[in-house]
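Text of target-v3.cif (mmCIF, C-alpha atoms) as supplied:
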data_start
loop_
_atom_site.label_atom_id
_atom_site.label_comp_id
_atom_site.auth_asym_id
_atom_site.auth_seq_id
_atom_site.Cartn_x
_atom_site.Cartn_y
_atom_site.Cartn_z
CA MET I 1 -155.84 16.95 -51.20
CA LYS I 2 -155.78 19.22 -54.22
CA ARG I 3 -151.97 19.36 -54.03
CA ILE I 4 -151.73 15.59 -53.97
CA LEU I 5 -154.02 15.32 -56.98
CA PHE I 6 -151.97 17.96 -58.81
CA PHE I 7 -148.70 16.12 -58.18
CA MET I 8 -150.18 12.81 -59.29
CA LEU I 9 -151.47 14.41 -62.47
CA ALA I 10 -148.10 16.06 -63.14
CA LEU I 11 -146.31 12.75 -62.71
CA SER I 12 -148.59 10.94 -65.08
CA ILE I 13 -148.03 13.37 -67.95
CA PRO I 14 -144.61 12.02 -69.17
CA SER I 15 -145.92 8.50 -69.56
CA LEU I 16 -148.60 9.63 -71.98
CA ALA I 17 -146.15 10.86 -74.61
CA VAL I 18 -145.23 7.33 -75.65
CA ILE I 19 -148.80 6.41 -76.55
CA ALA I 20 -149.50 9.36 -78.80
CA GLN I 21 -151.06 6.95 -81.30
CA LYS I 22 -153.81 5.98 -78.86
CA ASP I 23 -156.56 7.44 -81.01
CA LEU I 24 -155.73 5.19 -83.95
CA GLY I 25 -157.01 1.73 -84.77
CA VAL I 26 -153.43 0.41 -84.52
CA ALA I 27 -153.20 1.55 -80.88
CA PRO I 28 -154.07 -1.95 -79.51
CA ILE I 29 -151.11 -3.36 -81.48
CA PHE I 30 -148.72 -0.91 -79.84
CA GLU I 31 -150.29 -1.68 -76.46
CA GLY I 32 -149.56 -5.36 -76.89
CA LYS I 33 -153.23 -6.38 -77.06
CA ILE I 34 -152.95 -8.35 -80.30
CA VAL I 35 -149.43 -9.71 -79.96
CA PRO I 36 -147.93 -9.71 -76.45
CA GLN I 37 -145.09 -7.24 -76.00
CA LYS I 38 -142.73 -10.04 -74.96
CA GLN I 39 -143.11 -11.51 -78.42
CA MET I 40 -142.10 -8.29 -80.17
CA VAL I 41 -139.03 -6.21 -80.81
CA GLU I 42 -140.12 -2.75 -79.77
CA THR I 43 -138.22 0.49 -80.28
CA VAL I 44 -139.24 3.91 -78.95
CA VAL I 45 -137.27 7.06 -79.63
CA LYS I 46 -138.52 10.45 -78.47
CA GLY I 47 -137.38 13.75 -77.04
CA GLU I 48 -133.89 14.98 -77.80
CA GLN I 49 -132.82 11.77 -79.53
CA ALA I 50 -135.73 11.94 -81.94
CA LYS I 51 -135.19 15.64 -82.65
CA SER I 52 -132.04 14.88 -84.64
CA TYR I 53 -134.28 12.98 -87.06
CA LYS I 54 -136.80 15.85 -87.14
CA LEU I 55 -139.22 13.67 -85.23
CA SER I 56 -140.92 13.96 -81.88
CA LEU I 57 -141.78 10.28 -81.62
CA PHE I 58 -140.66 7.08 -83.33
CA HIS I 59 -142.33 3.84 -82.23
CA SER I 60 -141.71 0.59 -84.08
CA LEU I 61 -142.73 -3.01 -83.58
CA LYS I 62 -141.40 -6.15 -85.24
CA MET I 63 -143.21 -9.40 -84.60
CA GLU I 64 -143.83 -12.87 -85.97
CA VAL I 65 -147.52 -13.59 -86.34
CA ASP I 66 -149.83 -16.21 -87.78
CA THR I 67 -152.21 -15.59 -90.70
CA GLU I 68 -155.12 -14.59 -88.50
CA GLU I 69 -153.12 -12.04 -86.50
CA CYS I 70 -151.66 -10.71 -89.76
CA GLN I 71 -155.14 -10.18 -91.16
CA SER I 72 -156.27 -8.36 -88.01
CA ILE I 73 -153.25 -6.08 -88.06
CA GLU I 74 -153.60 -5.41 -91.77
CA GLU I 75 -157.26 -4.50 -91.34
CA LEU I 76 -156.40 -2.01 -88.61
CA VAL I 77 -153.69 -0.42 -90.75
CA ARG I 78 -155.98 -0.14 -93.78
CA LYS I 79 -158.70 1.37 -91.62
CA ASP I 80 -156.40 4.02 -90.20
CA CYS I 81 -155.24 4.91 -93.72
CA GLY I 82 -158.79 5.06 -95.01
CA GLY I 83 -158.15 2.35 -97.57
CA LEU I 84 -155.27 1.67 -99.96
CA GLU I 85 -156.55 4.16 -102.53
CA SER I 86 -156.76 6.97 -99.96
CA PRO I 87 -154.56 10.03 -100.59
CA CYS I 88 -152.90 9.28 -97.21
CA VAL I 89 -151.17 6.24 -98.70
CA GLN I 90 -147.86 7.26 -100.26
CA GLU I 91 -146.73 3.78 -101.33
CA TYR I 92 -147.99 0.25 -100.96
CA GLY I 93 -147.30 -3.17 -102.33
CA MET I 94 -149.28 -6.41 -102.45
CA LYS I 95 -147.96 -9.97 -102.43
CA GLU I 96 -149.98 -13.15 -102.61
CA GLY I 97 -153.15 -11.25 -101.90
CA ARG I 98 -151.99 -9.57 -98.75
CA LEU I 99 -150.53 -6.17 -98.05
CA SER I 100 -146.76 -6.51 -98.01
CA TYR I 101 -145.67 -2.93 -97.69
CA LEU I 102 -147.23 0.45 -96.98
CA ILE I 103 -146.11 3.96 -96.14
CA ALA I 104 -148.86 6.41 -95.25
CA GLN I 105 -149.00 9.98 -94.03
CA LEU I 106 -152.00 10.33 -91.73
CA PRO I 107 -153.77 13.61 -90.83
CA ASN I 108 -151.57 15.96 -88.84
CA ARG I 109 -151.73 15.84 -85.08
CA GLN I 110 -151.13 19.19 -83.36
CA ASP I 111 -149.32 20.63 -86.41
CA GLU I 112 -147.00 17.64 -86.65
CA HIS I 113 -146.84 15.16 -89.50
CA VAL I 114 -147.91 11.63 -88.69
CA PHE I 115 -146.59 8.58 -90.55
CA LEU I 116 -147.57 4.94 -90.42
CA CYS I 117 -145.38 2.30 -92.07
CA TYR I 118 -146.15 -1.39 -92.48
CA GLN I 119 -144.22 -4.37 -93.82
CA CYS I 120 -145.15 -8.05 -93.95
CA TYR I 121 -143.00 -10.94 -95.18
CA GLY I 122 -143.02 -14.68 -94.86
CA ALA I 123 -140.58 -16.11 -92.32
CA ALA I 124 -138.70 -19.39 -92.59
CA ASN I 125 -140.84 -21.08 -89.91
CA GLY I 126 -144.07 -20.50 -91.86
CA LYS I 127 -145.09 -17.48 -89.85
CA LEU I 128 -145.33 -13.91 -91.11
CA CYS I 129 -142.97 -11.13 -90.01
CA ILE I 130 -144.62 -7.75 -89.56
CA THR I 131 -142.88 -4.45 -88.97
CA LEU I 132 -145.10 -1.55 -87.94
CA VAL I 133 -143.79 1.97 -87.44
CA TYR I 134 -145.56 5.04 -86.10
CA MET I 135 -143.86 8.43 -86.31
CA GLU I 136 -144.74 11.99 -85.43
CA GLY I 137 -142.77 15.12 -86.06
CA PRO I 138 -142.06 18.10 -88.28
CA ALA I 139 -140.25 15.90 -90.83
CA THR I 140 -141.84 15.59 -94.25
CA MET I 141 -141.79 12.47 -96.38
CA GLN I 142 -138.90 13.97 -98.38
CA ASP I 143 -136.99 14.56 -95.13
CA LEU I 144 -137.44 10.91 -94.20
CA TYR I 145 -136.19 9.77 -97.60
CA LYS I 146 -133.16 12.07 -97.34
CA MET I 147 -132.34 11.05 -93.77
CA PHE I 148 -132.48 7.32 -94.38
CA LYS I 149 -130.42 7.54 -97.57
CA THR I 150 -132.55 6.52 -100.41
CA ASP I 151 -133.04 8.09 -103.80
CA LYS I 152 -136.12 6.17 -104.72
CA ASN I 153 -139.17 7.69 -106.52
CA LYS I 154 -142.60 7.21 -105.13
CA LYS I 155 -144.61 4.52 -106.97
CA LYS I 156 -147.72 2.48 -106.29
CA MET X 157 -171.95 51.81 -38.64
CA ILE X 158 -173.11 48.23 -39.12
CA THR X 159 -170.26 47.57 -41.55
CA LYS X 160 -167.67 49.02 -39.21
CA LEU X 161 -168.95 47.08 -36.24
CA THR X 162 -169.19 43.89 -38.34
CA HIS X 163 -165.51 44.19 -39.34
CA ARG X 164 -164.49 44.76 -35.72
CA TYR X 165 -166.60 41.82 -34.55
CA LEU X 166 -165.16 39.46 -37.12
CA ASN X 167 -161.64 40.60 -36.16
CA GLY X 168 -162.46 39.89 -32.51
CA GLU X 169 -162.00 43.54 -31.54
CA THR X 170 -165.48 44.36 -30.22
CA THR X 171 -166.44 44.82 -26.63
CA ALA X 172 -169.60 43.31 -25.20
CA ALA X 173 -171.36 46.67 -25.51
CA GLU X 174 -170.42 47.01 -29.17
CA GLU X 175 -171.66 43.49 -29.87
CA HIS X 176 -174.94 44.33 -28.18
CA GLN X 177 -175.17 47.50 -30.29
CA LEU X 178 -174.43 45.54 -33.48
CA LEU X 179 -177.14 43.01 -32.67
CA GLN X 180 -179.66 45.80 -32.12
CA LEU X 181 -178.75 47.48 -35.40
CA LEU X 182 -179.06 44.20 -37.29
CA GLU X 183 -182.45 43.45 -35.74
CA GLU X 184 -183.66 46.88 -36.85
CA THR X 185 -182.53 46.23 -40.45
CA PRO X 186 -185.68 45.78 -42.59
CA SER X 187 -184.28 43.17 -45.03
CA PRO X 188 -181.19 41.55 -43.59
CA THR X 189 -178.93 39.69 -46.01
CA VAL X 190 -177.97 36.06 -45.49
CA GLU X 191 -174.65 37.19 -44.01
CA GLN X 192 -176.41 39.57 -41.61
CA LYS X 193 -178.78 36.81 -40.50
CA ALA X 194 -175.81 34.55 -39.81
CA LEU X 195 -174.15 37.35 -37.87
CA MET X 196 -177.31 37.84 -35.77
CA ALA X 197 -177.35 34.14 -34.96
CA MET X 198 -173.72 34.31 -33.87
CA LEU X 199 -174.36 37.33 -31.69
CA LYS X 200 -177.39 35.73 -30.08
CA ALA X 201 -175.50 32.54 -29.24
CA SER X 202 -174.38 32.14 -25.69
CA PRO X 203 -171.15 33.93 -24.98
CA ILE X 204 -168.11 31.61 -24.84
CA GLU X 205 -166.94 31.07 -21.30
CA VAL X 206 -163.28 31.69 -21.14
CA ASP X 207 -161.38 29.66 -18.67
CA THR X 208 -159.69 32.33 -16.61
CA ALA X 209 -158.53 30.18 -13.75
CA TRP X 210 -154.97 30.07 -15.04
CA LEU X 211 -155.19 33.76 -15.87
CA GLU X 212 -155.91 34.65 -12.28
CA GLU X 213 -152.69 33.11 -11.21
CA ASP X 214 -150.56 35.67 -12.98
CA GLU X 215 -152.46 38.24 -15.07
CA SER X 216 -149.34 40.25 -15.86
CA ASN X 217 -147.80 37.47 -17.96
CA LEU X 218 -150.76 36.69 -20.17
CA TYR X 219 -148.70 36.32 -23.35
CA ASP X 220 -146.06 34.19 -21.66
CA ALA X 221 -148.78 32.01 -20.21
CA ILE X 222 -150.33 31.44 -23.62
CA LEU X 223 -146.93 30.64 -25.11
CA GLN X 224 -146.07 28.27 -22.31
CA LYS X 225 -149.38 26.48 -22.66
CA ARG X 226 -148.66 26.02 -26.37
CA LYS X 227 -145.16 24.75 -25.71
CA ASP X 228 -146.55 22.20 -23.31
CA ILE X 229 -148.29 20.51 -26.26
CA PRO X 230 -145.87 17.89 -27.64
CA ALA X 231 -144.33 18.82 -31.01
CA HIS X 232 -145.67 15.74 -32.78
CA HIS X 233 -149.16 16.72 -31.64
CA ARG X 234 -148.85 20.15 -33.18
CA PHE X 235 -147.11 19.23 -36.41
CA TRP X 236 -148.68 15.90 -37.30
CA PRO X 237 -150.94 17.29 -40.06
CA TRP X 238 -147.98 18.84 -41.90
CA ILE X 239 -145.78 15.79 -41.35
CA SER X 240 -148.46 13.49 -42.71
CA ILE X 241 -148.97 15.68 -45.83
CA ALA X 242 -145.20 15.73 -46.40
CA ALA X 243 -145.02 11.94 -45.99
CA VAL X 244 -147.83 11.40 -48.49
CA LEU X 245 -146.15 13.72 -50.99
CA VAL X 246 -142.84 11.89 -50.61
CA ILE X 247 -144.55 8.54 -51.13
CA VAL X 248 -146.47 9.77 -54.18
CA LEU X 249 -143.36 11.30 -55.75
CA GLY X 250 -141.38 8.17 -54.98
CA ILE X 251 -143.99 5.96 -56.62
CA GLY X 252 -144.19 8.30 -59.56
CA PHE X 253 -140.45 8.26 -60.17
CA SER X 254 -140.14 4.52 -59.74
CA LEU X 255 -143.01 3.87 -62.14
CA SER X 256 -141.62 6.23 -64.75
CA GLY X 257 -138.47 4.11 -64.57
CA ASP X 258 -136.66 4.05 -67.89
CA LYS X 259 -139.26 6.16 -69.61
CA HIS X 260 -137.16 9.23 -68.90
CA ARG X 261 -134.67 7.82 -71.41
CA ASP X 262 -135.24 9.16 -74.90
CA ALA X 263 -134.32 5.93 -76.68
CA ILE X 264 -135.75 2.67 -75.37
CA ALA X 265 -135.94 -0.76 -76.97
CA TYR X 266 -137.08 -4.19 -75.86
CA VAL X 267 -136.15 -7.36 -77.73
CA TYR X 268 -138.70 -9.98 -76.68
CA GLY X 269 -139.03 -8.32 -73.29
CA GLN X 270 -135.30 -7.85 -72.74
CA GLU X 271 -134.30 -4.22 -72.48
CA VAL X 272 -131.61 -2.87 -74.78
CA LYS X 273 -129.43 -0.77 -72.49
CA ASP X 274 -127.26 0.92 -75.07
CA GLU X 275 -129.01 3.99 -76.50
CA ASN X 276 -126.73 3.95 -79.56
CA GLU X 277 -127.87 0.43 -80.32
CA VAL X 278 -131.48 1.57 -80.02
CA LEU X 279 -130.84 4.39 -82.50
CA SER X 280 -129.12 1.96 -84.81
CA MET X 281 -132.20 -0.29 -84.67
CA MET X 282 -134.37 2.68 -85.53
CA GLU X 283 -132.22 3.66 -88.51
CA SER X 284 -132.13 0.10 -89.82
CA THR X 285 -135.88 -0.14 -89.64
CA MET X 286 -136.39 3.10 -91.53
CA GLU X 287 -133.76 2.26 -94.14
CA SER X 288 -135.58 -0.95 -94.87
CA PHE X 289 -138.80 0.95 -95.45
CA MET X 290 -137.21 3.62 -97.57
CA ALA X 291 -135.43 1.00 -99.65
CA GLY X 292 -138.76 -0.31 -100.83
CA PRO X 293 -140.61 -3.61 -100.70
CA GLU X 294 -138.37 -5.65 -102.95
CA SER X 295 -135.05 -4.76 -101.40
CA ASP X 296 -132.73 -7.49 -100.09
CA HIS X 297 -131.96 -5.01 -97.37
CA VAL X 298 -135.33 -5.81 -95.82
CA GLU X 299 -134.48 -9.48 -95.49
CA GLU X 300 -131.11 -8.64 -93.92
CA GLN X 301 -132.71 -6.41 -91.33
CA LEU X 302 -135.37 -8.95 -90.46
CA THR X 303 -132.77 -11.68 -90.16
CA GLU X 304 -130.63 -9.45 -87.98
CA PHE X 305 -133.44 -8.84 -85.53
CA PHE X 306 -135.22 -12.17 -85.49
CA GLY X 307 -131.96 -14.05 -85.56
CA LYS X 308 -130.98 -12.59 -82.13
#
How would this structure read if it were set down as structure tokens?
Amino acid sequence: MKRILFFMLALSIPSLAVIAQKDLGVAPIFEGKIVPQKQMVETVVKGEQAKSYKLSLFHSLKMEVDTEECQSIEELVRKDCGGLESPCVQEYGMKEGRLSYLIAQLPNRQDEHVFLCYQCYGAANGKLCITLVYMEGPATMQDLYKMFKTDKNKKK
Amino acid sequence: MITKLTHRYLNGETTAAEEHQLLQLLEETPSPTVEQKALMAMLKASPIEVDTAWLEEDESNLYDAILQKRKDIPAHHRFWPWISIAAVLVIVLGIGFSLSGDKHRDAIAYVYGQEVKDENEVLSMMESTMESFMAGPESDHVEEQLTEFFGK
């Protein structure tokens, strides 16, 4: 019986790596509880593929939402960052009274840097397009800027 | 003496006389431990009656007789506990692997529920997403990326 339990526990361990953000307020978004996963474009990169970007986990979502869903998601993002004026927030932008863009570095998790990125734009059909990215890894913010080829200065 | 006899008794090496002696020694012990009390109870229990009928047939081949008696038990009767444990382990491992499915891939993407099979395409999606963030909020690049994905 103990052996069976051990094997079941061992098998369940790999599946947990993808939901490393489960302690955050944005976890329900990544679990498809606010917008169903079939209505999103979801990308997960981990393991050896992520290592080349100095990351251990990259998890992004792109979705079209209505105003209410956008507000819920924005609230969760702001809460995880501790507010827009928190030192965690590296950059943010506002448009028409709502958060349009945010890059934040959250408290480290197990000696790895944690980043949360958010974008929100109006779509042609009247809905709002949100992109949400969660990353973990040894990469610093400067590493991310260098890797994704931009020379931009930080500004708020 | 008690310790020595106890070891021999537990190994099944004692004669009836030694068992009797051990019981006497234990009863004379002023404060027997829990283990000694259990041992006394075992010694006082009725002796097991060994079926010697088959032994009388041919006492010289005692070992062969035991072996033959064991062989007479069908194999599935003897091995069923191990077979059932192995079967459960195979089922559990099979379920585990089938549930893990594509998660053993390092780069996975789903576009409205449809899996993206090509890992290079997944990496390309990742890079496009990050480039749009790093380009800043006012970049046209953002609109291109969004169009590229939502236009599919």
Given the PyMOL selection byres ((chain X and resi 196) around 12), the residues it picks as a compact mmCIF listing (two decimals) with C-alpha atoms, keeping the file's coordinate frame:
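Final output, result.txt:
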# COMPACT_ATOMS: atom_id res chain seq x y z
CA ILE X 158 -173.11 48.23 -39.12
CA THR X 162 -169.19 43.89 -38.34
CA TYR X 165 -166.60 41.82 -34.55
CA GLU X 175 -171.66 43.49 -29.87
CA HIS X 176 -174.94 44.33 -28.18
CA GLN X 177 -175.17 47.50 -30.29
CA LEU X 178 -174.43 45.54 -33.48
CA LEU X 179 -177.14 43.01 -32.67
CA GLN X 180 -179.66 45.80 -32.12
CA LEU X 181 -178.75 47.48 -35.40
CA LEU X 182 -179.06 44.20 -37.29
CA GLU X 183 -182.45 43.45 -35.74
CA GLU X 184 -183.66 46.88 -36.85
CA THR X 185 -182.53 46.23 -40.45
CA PRO X 188 -181.19 41.55 -43.59
CA THR X 189 -178.93 39.69 -46.01
CA VAL X 190 -177.97 36.06 -45.49
CA GLU X 191 -174.65 37.19 -44.01
CA GLN X 192 -176.41 39.57 -41.61
CA LYS X 193 -178.78 36.81 -40.50
CA ALA X 194 -175.81 34.55 -39.81
CA LEU X 195 -174.15 37.35 -37.87
CA ALA X 197 -177.35 34.14 -34.96
CA MET X 198 -173.72 34.31 -33.87
CA LEU X 199 -174.36 37.33 -31.69
CA LYS X 200 -177.39 35.73 -30.08
CA ALA X 201 -175.50 32.54 -29.24
CA SER X 202 -174.38 32.14 -25.69
Query raised in the report: What separation in Å, quoted to one decimal, exists between atom CA of I:Leu24 and atom CA of I:Met94?
Result: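 Between atom CA of I:Leu24 and atom CA of I:Met94 the gap is 22.8 Å.
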Query - Selection: 10 Å around I:Val41, all atoms listed in the file, excl. self and same-chain fewer than 5 positions, as a PyMOL selection string - result: (chain I and resi 60-64+131) or (chain X and resi 265-271+281+305-306)
Requested in this report: Can you turn the PyMOL selection byres ((chain I) within 6 of (chain X)) into a concrete residue list for this file, as JSON, numbers by chain?
Outcome: {"I": [11, 38, 39, 40, 41, 42, 43, 44, 45, 46, 47, 49, 101, 148]}
Report task. Record the distance separating atom CA of I:Tyr134 and atom CA of I:Leu116, expressed in Å with one decimal. Result -> 4.8 Å
Query raised in the report: Please, what distance in Å, to one decimal, runs between atom CA of I:Tyr53 and atom CA of I:Phe30?
Result: 21.3 Å
**Report entry** Shortest interatomic distance to I:Gly126 - which of I:Val89, I:Val65, I:Ala27, I:Cys70, counting all atoms listed in the file
**Finding:**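 Among I:Val89, I:Val65, I:Ala27, I:Cys70, it is I:Val65 that comes nearest to I:Gly126.
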Query raised in the report: From the set I:Tyr145, I:Phe58, I:Tyr121, I:Phe115, which residue has the shortest atom-to-atom contact distance to I:Arg98, counting only C-alpha atoms?
Result: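 Closest residue, counting only C-alpha atoms: I:Tyr121.
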